[in-house]
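S.K.: Handing over query_32.cif, mmCIF, C-alpha atoms.
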data_final
#
loop_
_atom_site.label_atom_id
_atom_site.label_comp_id
_atom_site.auth_asym_id
_atom_site.auth_seq_id
_atom_site.Cartn_x
_atom_site.Cartn_y
_atom_site.Cartn_z
CA MET A 1 18.57 -47.51 -60.12
CA ARG A 2 20.93 -49.84 -58.30
CA ILE A 3 21.05 -49.95 -54.52
CA ASP A 4 24.67 -50.42 -53.48
CA LEU A 5 25.46 -50.82 -49.78
CA ASP A 6 28.89 -52.32 -50.27
CA GLY A 7 31.17 -51.41 -47.38
CA ARG A 8 28.28 -50.54 -45.06
CA THR A 9 27.39 -52.38 -41.85
CA ALA A 10 23.68 -52.75 -41.06
CA LEU A 11 22.12 -53.86 -37.79
CA VAL A 12 18.55 -55.15 -37.95
CA THR A 13 17.02 -55.72 -34.53
CA GLY A 14 14.46 -58.45 -33.98
CA SER A 15 15.58 -60.13 -37.19
CA ALA A 16 15.15 -63.80 -36.31
CA GLN A 17 11.96 -64.02 -38.37
CA GLY A 18 9.29 -62.15 -40.29
CA ILE A 19 9.86 -58.60 -41.49
CA GLY A 20 13.21 -58.29 -39.73
CA LEU A 21 14.63 -61.37 -41.40
CA ALA A 22 13.37 -60.21 -44.81
CA ILE A 23 15.09 -56.86 -44.24
CA ALA A 24 18.34 -58.59 -43.30
CA ARG A 25 18.24 -60.72 -46.45
CA THR A 26 17.52 -57.71 -48.65
CA LEU A 27 20.27 -55.51 -47.17
CA ALA A 28 22.74 -58.37 -47.51
CA GLY A 29 21.69 -58.75 -51.13
CA CYS A 30 22.55 -55.08 -51.62
CA GLY A 31 26.09 -55.73 -50.39
CA ALA A 32 25.86 -54.68 -46.75
CA SER A 33 27.52 -56.58 -43.94
CA VAL A 34 24.51 -57.49 -41.83
CA VAL A 35 24.10 -58.04 -38.10
CA VAL A 36 21.07 -60.13 -37.22
CA ASN A 37 19.68 -60.38 -33.73
CA GLY A 38 17.55 -62.66 -31.63
CA ARG A 39 17.34 -63.23 -27.91
CA SER A 40 19.07 -66.63 -27.98
CA PRO A 41 22.21 -67.95 -29.72
CA GLU A 42 20.04 -70.52 -31.50
CA THR A 43 17.65 -68.02 -33.05
CA SER A 44 20.44 -65.60 -33.95
CA GLU A 45 22.55 -68.24 -35.68
CA ARG A 46 19.53 -69.68 -37.44
CA ALA A 47 18.76 -66.23 -38.84
CA ALA A 48 22.38 -65.75 -39.90
CA ASP A 49 22.35 -69.11 -41.67
CA ASP A 50 19.10 -68.17 -43.40
CA VAL A 51 20.63 -64.96 -44.77
CA ARG A 52 23.71 -66.84 -45.98
CA GLU A 53 21.47 -69.38 -47.70
CA HIS A 54 19.51 -66.66 -49.50
CA VAL A 55 22.56 -64.51 -50.27
CA PRO A 56 25.57 -66.76 -50.90
CA GLY A 57 28.78 -65.07 -49.86
CA ALA A 58 27.02 -62.59 -47.59
CA HIS A 59 28.91 -61.33 -44.56
CA VAL A 60 26.54 -61.94 -41.64
CA LEU A 61 27.02 -61.80 -37.89
CA GLY A 62 24.46 -63.18 -35.44
CA VAL A 63 24.38 -61.49 -32.04
CA ALA A 64 22.24 -62.96 -29.29
CA ALA A 65 20.97 -60.20 -27.00
CA ASP A 66 17.73 -59.19 -25.34
CA LEU A 67 17.75 -55.58 -26.47
CA ALA A 68 14.85 -54.70 -24.19
CA THR A 69 17.34 -54.82 -21.31
CA ASP A 70 20.31 -52.63 -20.46
CA GLU A 71 22.50 -55.73 -20.33
CA GLY A 72 21.42 -56.88 -23.77
CA THR A 73 22.02 -53.44 -25.25
CA ALA A 74 25.49 -53.33 -23.69
CA ALA A 75 26.28 -56.75 -25.15
CA MET A 76 25.23 -55.59 -28.62
CA LEU A 77 27.30 -52.39 -28.40
CA GLU A 78 30.33 -54.41 -27.31
CA ALA A 79 29.91 -56.90 -30.15
CA VAL A 80 29.07 -54.25 -32.77
CA PRO A 81 30.49 -50.85 -31.75
CA ARG A 82 29.80 -49.18 -35.09
CA VAL A 83 27.03 -49.41 -37.67
CA ASP A 84 26.20 -47.37 -40.74
CA VAL A 85 22.57 -48.48 -41.01
CA LEU A 86 20.41 -49.08 -37.96
CA VAL A 87 16.99 -50.66 -38.50
CA ASN A 88 14.97 -50.60 -35.28
CA ASN A 89 12.59 -53.42 -36.12
CA LEU A 90 12.19 -55.20 -32.78
CA GLY A 91 8.62 -55.13 -31.55
CA ILE A 92 5.90 -57.14 -29.86
CA PHE A 93 2.12 -57.14 -30.29
CA GLU A 94 -0.94 -58.85 -28.88
CA SER A 95 -4.67 -58.35 -28.69
CA ALA A 96 -6.16 -57.30 -25.36
CA ASP A 97 -9.25 -55.67 -23.91
CA PRO A 98 -8.21 -52.02 -23.46
CA LEU A 99 -9.78 -51.94 -20.00
CA GLU A 100 -7.79 -55.01 -18.93
CA ILE A 101 -4.29 -53.86 -19.95
CA ASP A 102 -2.40 -53.35 -16.70
CA ASP A 103 0.52 -51.02 -16.01
CA ALA A 104 3.09 -53.81 -16.25
CA THR A 105 1.93 -54.64 -19.78
CA TRP A 106 2.00 -50.99 -20.82
CA ARG A 107 5.55 -50.68 -19.48
CA ARG A 108 6.65 -53.85 -21.28
CA PHE A 109 5.31 -52.61 -24.62
CA LEU A 110 6.92 -49.20 -24.18
CA GLU A 111 10.22 -50.79 -23.17
CA VAL A 112 10.39 -53.19 -26.10
CA ASN A 113 8.73 -51.19 -28.87
CA VAL A 114 10.03 -47.70 -28.08
CA LEU A 115 12.94 -47.56 -25.67
CA THR A 116 14.91 -50.31 -27.40
CA GLY A 117 15.18 -48.17 -30.52
CA VAL A 118 15.81 -45.02 -28.50
CA ARG A 119 18.76 -46.59 -26.67
CA LEU A 120 20.39 -47.94 -29.81
CA THR A 121 19.86 -44.74 -31.76
CA ARG A 122 21.33 -42.70 -28.91
CA ALA A 123 24.36 -44.99 -28.96
CA TYR A 124 24.99 -45.24 -32.71
CA LEU A 125 23.81 -41.86 -34.03
CA PRO A 126 26.76 -39.75 -32.78
CA GLY A 127 29.26 -41.91 -34.68
CA MET A 128 27.21 -41.64 -37.86
CA MET A 129 27.08 -37.86 -37.46
CA ASP A 130 30.85 -37.66 -36.90
CA ARG A 131 31.47 -39.70 -40.06
CA GLY A 132 28.97 -37.63 -42.07
CA TRP A 133 26.84 -40.57 -43.22
CA GLY A 134 24.31 -42.91 -41.70
CA ARG A 135 20.79 -44.24 -41.86
CA VAL A 136 18.42 -44.87 -38.96
CA GLN A 137 14.99 -46.37 -39.48
CA PHE A 138 12.15 -47.24 -37.14
CA ILE A 139 9.77 -49.90 -38.39
CA GLY A 140 6.34 -48.59 -37.55
CA SER A 141 2.83 -49.62 -38.42
CA ASP A 142 -0.45 -48.40 -39.81
CA SER A 143 -1.59 -48.84 -36.20
CA ALA A 144 0.36 -45.68 -35.37
CA VAL A 145 -2.34 -43.56 -36.99
CA ALA A 146 -5.25 -46.02 -37.08
CA ILE A 147 -5.20 -47.22 -33.49
CA PRO A 148 -6.80 -50.68 -33.30
CA ALA A 149 -9.37 -50.95 -30.52
CA GLU A 150 -8.05 -54.39 -29.58
CA MET A 151 -4.40 -53.31 -29.48
CA ILE A 152 -4.23 -49.74 -28.20
CA HIS A 153 -1.05 -50.42 -26.20
CA TYR A 154 0.66 -51.62 -29.39
CA GLY A 155 -0.72 -48.78 -31.49
CA VAL A 156 0.36 -46.10 -29.03
CA THR A 157 3.95 -47.38 -29.05
CA LYS A 158 3.98 -47.12 -32.83
CA THR A 159 2.59 -43.59 -32.61
CA ALA A 160 5.45 -42.76 -30.27
CA LEU A 161 7.98 -43.96 -32.86
CA LEU A 162 6.78 -41.28 -35.28
CA GLY A 163 7.76 -38.60 -32.78
CA VAL A 164 10.98 -40.37 -31.85
CA SER A 165 12.16 -40.66 -35.45
CA ARG A 166 11.24 -37.06 -36.27
CA GLY A 167 13.06 -35.83 -33.18
CA PHE A 168 16.24 -37.77 -33.91
CA ALA A 169 16.10 -36.54 -37.51
CA LYS A 170 16.19 -32.98 -36.17
CA ALA A 171 19.13 -33.88 -33.93
CA ALA A 172 21.01 -35.11 -37.00
CA ALA A 173 20.06 -32.17 -39.24
CA GLY A 174 22.74 -31.15 -41.70
CA THR A 175 25.09 -34.03 -40.91
CA GLY A 176 24.43 -36.35 -43.85
CA VAL A 177 22.55 -38.77 -41.59
CA THR A 178 18.89 -39.49 -42.26
CA VAL A 179 16.31 -40.79 -39.79
CA ASN A 180 12.93 -42.08 -40.93
CA SER A 181 10.08 -44.32 -39.91
CA VAL A 182 8.41 -46.89 -42.14
CA LEU A 183 4.66 -47.37 -41.74
CA ALA A 184 4.06 -51.01 -42.61
CA GLY A 185 0.54 -52.13 -43.39
CA PRO A 186 -1.02 -55.55 -42.71
CA THR A 187 1.82 -57.93 -43.48
CA HIS A 188 1.93 -61.66 -44.17
CA THR A 189 3.77 -63.16 -41.22
CA GLY A 190 3.13 -66.44 -39.47
CA GLY A 191 1.25 -64.77 -36.65
CA VAL A 192 -0.95 -62.75 -38.99
CA GLU A 193 -1.72 -65.81 -41.11
CA THR A 194 -2.83 -67.67 -37.98
CA PHE A 195 -4.95 -64.69 -36.96
CA ALA A 196 -6.52 -64.44 -40.41
CA ARG A 197 -7.31 -68.14 -40.45
CA SER A 198 -8.98 -67.81 -37.05
CA LEU A 199 -11.41 -65.36 -38.60
CA VAL A 200 -12.04 -66.86 -42.05
CA GLY A 201 -11.43 -70.56 -41.39
CA ASP A 202 -9.16 -73.18 -42.91
CA ASP A 203 -11.28 -74.30 -45.87
CA LEU A 204 -10.16 -71.73 -48.45
CA PRO A 205 -6.79 -71.78 -50.25
CA TRP A 206 -4.50 -69.17 -48.69
CA ASP A 207 -4.57 -66.71 -51.60
CA GLU A 208 -8.36 -66.62 -51.45
CA ALA A 209 -8.49 -66.70 -47.65
CA GLN A 210 -6.29 -63.65 -47.26
CA ARG A 211 -8.39 -61.67 -49.71
CA VAL A 212 -11.53 -62.59 -47.78
CA PHE A 213 -9.78 -61.53 -44.57
CA MET A 214 -8.76 -58.19 -46.07
CA ARG A 215 -12.17 -57.53 -47.61
CA GLU A 216 -14.10 -58.34 -44.44
CA HIS A 217 -11.69 -57.26 -41.70
CA ARG A 218 -9.34 -54.72 -43.30
CA PRO A 219 -11.63 -53.15 -45.92
CA SER A 220 -9.73 -49.85 -46.25
CA SER A 221 -6.77 -51.62 -47.87
CA LEU A 222 -6.39 -50.66 -51.51
CA LEU A 223 -4.02 -53.55 -52.13
CA GLN A 224 -6.70 -55.99 -50.95
CA ARG A 225 -4.12 -58.58 -49.92
CA LEU A 226 -1.52 -58.87 -47.20
CA ILE A 227 1.84 -57.26 -47.86
CA GLU A 228 4.76 -59.65 -48.15
CA PRO A 229 7.71 -58.97 -45.79
CA GLU A 230 10.00 -58.53 -48.77
CA GLU A 231 7.89 -55.60 -49.95
CA ILE A 232 8.58 -53.83 -46.65
CA ALA A 233 12.25 -54.74 -46.99
CA HIS A 234 12.49 -53.11 -50.43
CA MET A 235 11.49 -49.75 -48.98
CA VAL A 236 13.93 -50.17 -46.09
CA ALA A 237 16.74 -50.93 -48.54
CA TYR A 238 15.95 -47.81 -50.55
CA LEU A 239 15.89 -45.60 -47.44
CA ALA A 240 19.18 -47.19 -46.34
CA SER A 241 20.86 -46.29 -49.62
CA PRO A 242 22.58 -43.15 -50.89
CA LEU A 243 19.63 -42.77 -53.27
CA ALA A 244 17.42 -41.63 -50.37
CA SER A 245 19.72 -38.82 -49.25
CA ALA A 246 16.94 -36.20 -49.36
CA THR A 247 14.41 -38.22 -47.35
CA THR A 248 14.66 -37.62 -43.61
CA GLY A 249 12.28 -36.96 -40.76
CA ALA A 250 9.61 -38.73 -42.79
CA ALA A 251 7.00 -41.38 -42.11
CA VAL A 252 7.12 -43.42 -45.31
CA ARG A 253 4.12 -45.61 -45.99
CA VAL A 254 4.30 -49.19 -47.23
CA ASP A 255 0.74 -49.89 -46.21
CA GLY A 256 -0.99 -50.98 -49.39
CA GLY A 257 -3.19 -47.90 -49.13
CA TYR A 258 -4.59 -49.09 -45.80
CA ILE A 259 -4.26 -45.68 -44.12
CA ASP A 260 -7.15 -43.66 -45.50
CA ALA A 261 -5.33 -40.36 -46.00
CA ILE A 262 -3.82 -38.52 -48.95
CA VAL A 263 -0.80 -37.34 -46.98
CA PRO A 264 1.35 -39.24 -44.45
#
Could the structure of this file be written out as structure tokens, please?
M.R.:
Amino acid sequence: MRIDLDGRTALVTGSAQGIGLAIARTLAGCGASVVVNGRSPETSERAADDVREHVPGAHVLGVAADLATDEGTAAMLEAVPRVDVLVNNLGIFESADPLEIDDATWRRFLEVNVLTGVRLTRAYLPGMMDRGWGRVQFIGSDSAVAIPAEMIHYGVTKTALLGVSRGFAKAAAGTGVTVNSVLAGPTHTGGVETFARSLVGDDLPWDEAQRVFMREHRPSSLLQRLIEPEEIAHMVAYLASPLASATTGAAVRVDGGYIDAIVP
């Protein structure tokens, strides 16, 4: 199978680093014109340059906008009025004592992790439906169904995305547009590597250290290692392609078997 996104425009939110940047690189490698996004011109342009470096000849646009605000969303819609593939990747996370999470923090997590994707989907989905083709994806987490005790505010926002994506899929029923969520498992990003090192120490080589971390702190993983961002990106590219035309309203797992269930 060959994933061909030539002629399609893809917007990946929160794509200055980590999973979002890996998704942008992968979609560009499939031929899509890619819009990358960070909150500052510096981070946005750095991400665009990174994609061009990895995919010579790629058509990439960097748009600086804080999409957690109405003003940032308006700026994005003005700069990019039409997309064929929308990847709602932007998200924040942190550890916190559940009894110490105040209302302001809950609101911030809901605003960034949920409402950002809702606003953009509400803006871009009607055009996709009118044209009879489009792909919307919400990057979720295993935390959506396995709520971590130290991050319930994060986990709950990811749970909400499952309902949001299913609901928008119903709104787009029969139009040729698909809407899905991707349940990513424990993934090797800079922040996660720092977190893992804080638990297992700095003495072991990274390959061994991450396996110790997974065995001792994420024992339900069947992969028994962290997932690389590119592995998440491969699933996103498939769901963004014409090959995934019959997959919609789904929560697709790229979790390394971390979620201990035989159905999504």
S.K.: For region 179-185 of chain A, please output as a VMD selection string all residues within 6 Å (counting all atoms listed in the file; exclusion window: fewer than 5 positions along the same chain).
M.R.: chain A and resid 136 to 142 165 169 248 to 255
S.K.: Once the PyMOL selection byres ((chain A and resi 71-88) around 6) has been evaluated on this model, what residues remain selected, and can you format them as a list in words?
M.R.: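 When the PyMOL selection byres ((chain A and resi 71-88) around 6) is applied to the shown file, the picked residues are Arg8, Thr9, Ala10, Leu11, Val12, Thr13, Ala65, Asp66, Leu67, Thr69, Asp70, Asn89, Leu90, Gly117, Gly134, Arg135, Val136, Gln137 and Phe138 of chain A.
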S.K.: Can you pull out every residue within 9 Å of Ser221 (chain A), counting all atoms listed in the file, but drop anything in the same chain fewer than 4 positions away, and send it as a PyMOL selection string?
M.R.: chain A and resi 185-186+214-215+225-226+255-260
S.K.: Could you name the residues that touch Asn37 (chain A) at 7 Å or less, counting all atoms listed in the file, but leaving out those on the same chain fewer than 3 positions away, as a CSV table (one decimal) with C-alpha atoms, in the frame of the given file?
M.R.:
chain,number,residue,atom,x,y,z
A,12,VAL,CA,18.6,-55.2,-38.0
A,13,THR,CA,17.0,-55.7,-34.5
A,14,GLY,CA,14.5,-58.4,-34.0
A,15,SER,CA,15.6,-60.1,-37.2
A,16,ALA,CA,15.2,-63.8,-36.3
A,44,SER,CA,20.4,-65.6,-34.0
A,62,GLY,CA,24.5,-63.2,-35.4
A,63,VAL,CA,24.4,-61.5,-32.0
A,64,ALA,CA,22.2,-63.0,-29.3
A,65,ALA,CA,21.0,-60.2,-27.0
S.K.: Could you jot down the CA of Gly18 (chain A) to CA of Phe109 (chain A) separation for me, Å, one decimal place?
M.R.: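 Computing the Euclidean distance for CA of Gly18 (chain A) and CA of Phe109 (chain A) yields 18.8 Å.
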S.K.: Nearest to Lys170 (chain A): which of A:Leu125, A:Leu110, A:Ala149, A:Val236 is it, counting all atoms listed in the file?
M.R.: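 That would be A:Leu125, the residue with the smallest distance to Lys170 (chain A).
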S.K.: If we count only C-alpha atoms and set the cut-off at 8 Å, which residues sit around Thr159 (chain A), ignoring sequence neighbours fewer than 2 positions away in its own chain? Please answer as a PDB file with C-alpha atoms, in the frame of the given file.
M.R.:
ATOM      1  CA  GLY A 140       6.340 -48.590 -37.550  1.00  0.00           C
ATOM      2  CA  SER A 143      -1.590 -48.840 -36.200  1.00  0.00           C
ATOM      3  CA  ALA A 144       0.360 -45.680 -35.370  1.00  0.00           C
ATOM      4  CA  VAL A 145      -2.340 -43.560 -36.990  1.00  0.00           C
ATOM      5  CA  GLY A 155      -0.720 -48.780 -31.490  1.00  0.00           C
ATOM      6  CA  VAL A 156       0.360 -46.100 -29.030  1.00  0.00           C
ATOM      7  CA  THR A 157       3.950 -47.380 -29.050  1.00  0.00           C
ATOM      8  CA  LEU A 161       7.980 -43.960 -32.860  1.00  0.00           C
ATOM      9  CA  LEU A 162       6.780 -41.280 -35.280  1.00  0.00           C
ATOM     10  CA  GLY A 163       7.760 -38.600 -32.780  1.00  0.00           C
TER      11      GLY A 163
END
S.K.: Just to confirm, what's the straight-line distance from CA of Leu61 (chain A) to CA of Ala237 (chain A) in Å (one decimal)?
M.R.: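 Going from CA of Leu61 (chain A) over to CA of Ala237 (chain A) covers 18.4 Å.
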S.K.: Take the point (26.8, -58.5, -40.5) as written in the file and pick out every residue within 6 Å of it, counting only C-alpha atoms; give the list as a list of chain:residue names.
M.R.: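 Within the cut-off we find A:Ser33, A:Val34, A:Val35, A:His59, A:Val60, A:Leu61.
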S.K.: Which of these residues is nearest to Arg166 (chain A), using only C-alpha atoms: A:Glu42, A:Val36, A:Phe213, A:Thr247?
M.R.: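 Smallest separation from Arg166 (chain A) among the options: A:Thr247.
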S.K.: Apply the PyMOL selection byres ((chain A and resi 191) around 12) to the file shown and report the selected residues as a PyMOL selection string.
M.R.: chain A and resi 17-19+92-95+186-190+192-198
S.K.: Determine the residue set returned by the PyMOL selection byres ((chain A and resi 51) around 8) for the present structure, and present it as a ChimeraX atom specification.
M.R.: /A:21,24-25,28,47-50,52-55,58,60
S.K.: Point out the residue among A:Gly176, A:Pro219, A:Gly201, A:Gly167 with the least atom-to-atom distance to Ala244 (chain A), counting only C-alpha atoms.
M.R.: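 Of all the options, A:Gly176 lies closest to Ala244 (chain A).
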S.K.: Save N, CA, C and O atoms of region 96-115 of chain A from the block above as a compact mmCIF listing (two decimals), in the first residue's frame.
M.R.:
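Output below, filename selection_35.txt:
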# COMPACT_ATOMS: atom_id res chain seq x y z
N ALA A 96 -0.12 16.19 39.24
CA ALA A 96 -0.63 17.02 40.33
C ALA A 96 -1.44 16.15 41.28
O ALA A 96 -2.08 15.18 40.87
N ASP A 97 -1.43 16.51 42.53
CA ASP A 97 -2.27 15.86 43.53
C ASP A 97 -3.72 16.16 43.18
O ASP A 97 -4.12 17.32 43.08
N PRO A 98 -4.54 15.13 42.96
CA PRO A 98 -5.92 15.37 42.55
C PRO A 98 -6.68 16.32 43.47
O PRO A 98 -7.54 17.08 43.02
N LEU A 99 -6.36 16.29 44.76
CA LEU A 99 -7.08 17.14 45.71
C LEU A 99 -6.57 18.58 45.71
O LEU A 99 -7.16 19.44 46.37
N GLU A 100 -5.48 18.83 44.96
CA GLU A 100 -4.90 20.16 44.91
C GLU A 100 -5.13 20.86 43.57
O GLU A 100 -4.69 21.99 43.39
N ILE A 101 -5.80 20.20 42.65
CA ILE A 101 -6.03 20.80 41.33
C ILE A 101 -7.19 21.79 41.45
O ILE A 101 -8.33 21.39 41.71
N ASP A 102 -6.91 23.07 41.24
CA ASP A 102 -7.95 24.08 41.43
C ASP A 102 -8.77 24.28 40.15
O ASP A 102 -8.46 23.72 39.09
N ASP A 103 -9.82 25.06 40.26
CA ASP A 103 -10.73 25.27 39.13
C ASP A 103 -10.02 25.90 37.94
O ASP A 103 -10.30 25.56 36.78
N ALA A 104 -9.11 26.82 38.20
CA ALA A 104 -8.40 27.50 37.11
C ALA A 104 -7.59 26.49 36.30
O ALA A 104 -7.52 26.58 35.06
N THR A 105 -6.97 25.54 36.98
CA THR A 105 -6.19 24.52 36.27
C THR A 105 -7.09 23.60 35.46
O THR A 105 -6.79 23.27 34.31
N TRP A 106 -8.21 23.19 36.06
CA TRP A 106 -9.17 22.38 35.31
C TRP A 106 -9.62 23.12 34.05
O TRP A 106 -9.70 22.53 32.96
N ARG A 107 -9.95 24.40 34.18
CA ARG A 107 -10.41 25.17 33.01
C ARG A 107 -9.32 25.28 31.95
O ARG A 107 -9.60 25.19 30.76
N ARG A 108 -8.08 25.47 32.40
CA ARG A 108 -6.97 25.58 31.43
C ARG A 108 -6.80 24.27 30.67
O ARG A 108 -6.62 24.28 29.43
N PHE A 109 -6.86 23.15 31.34
CA PHE A 109 -6.71 21.87 30.65
C PHE A 109 -7.87 21.61 29.69
O PHE A 109 -7.66 21.10 28.57
N LEU A 110 -9.07 21.93 30.10
CA LEU A 110 -10.21 21.75 29.21
C LEU A 110 -10.12 22.68 28.00
O LEU A 110 -10.44 22.29 26.87
N GLU A 111 -9.68 23.91 28.22
CA GLU A 111 -9.55 24.88 27.13
C GLU A 111 -8.53 24.41 26.10
O GLU A 111 -8.80 24.40 24.89
N VAL A 112 -7.36 24.02 26.57
CA VAL A 112 -6.28 23.65 25.65
C VAL A 112 -6.53 22.28 25.03
O VAL A 112 -6.43 22.10 23.81
N ASN A 113 -6.84 21.29 25.84
CA ASN A 113 -6.88 19.91 25.36
C ASN A 113 -8.18 19.54 24.66
O ASN A 113 -8.20 18.61 23.85
N VAL A 114 -9.26 20.24 24.95
CA VAL A 114 -10.56 19.88 24.36
C VAL A 114 -11.10 20.97 23.44
O VAL A 114 -11.34 20.73 22.25
N LEU A 115 -11.26 22.15 23.97
CA LEU A 115 -11.95 23.19 23.20
C LEU A 115 -11.16 23.68 22.00
O LEU A 115 -11.76 24.12 21.00
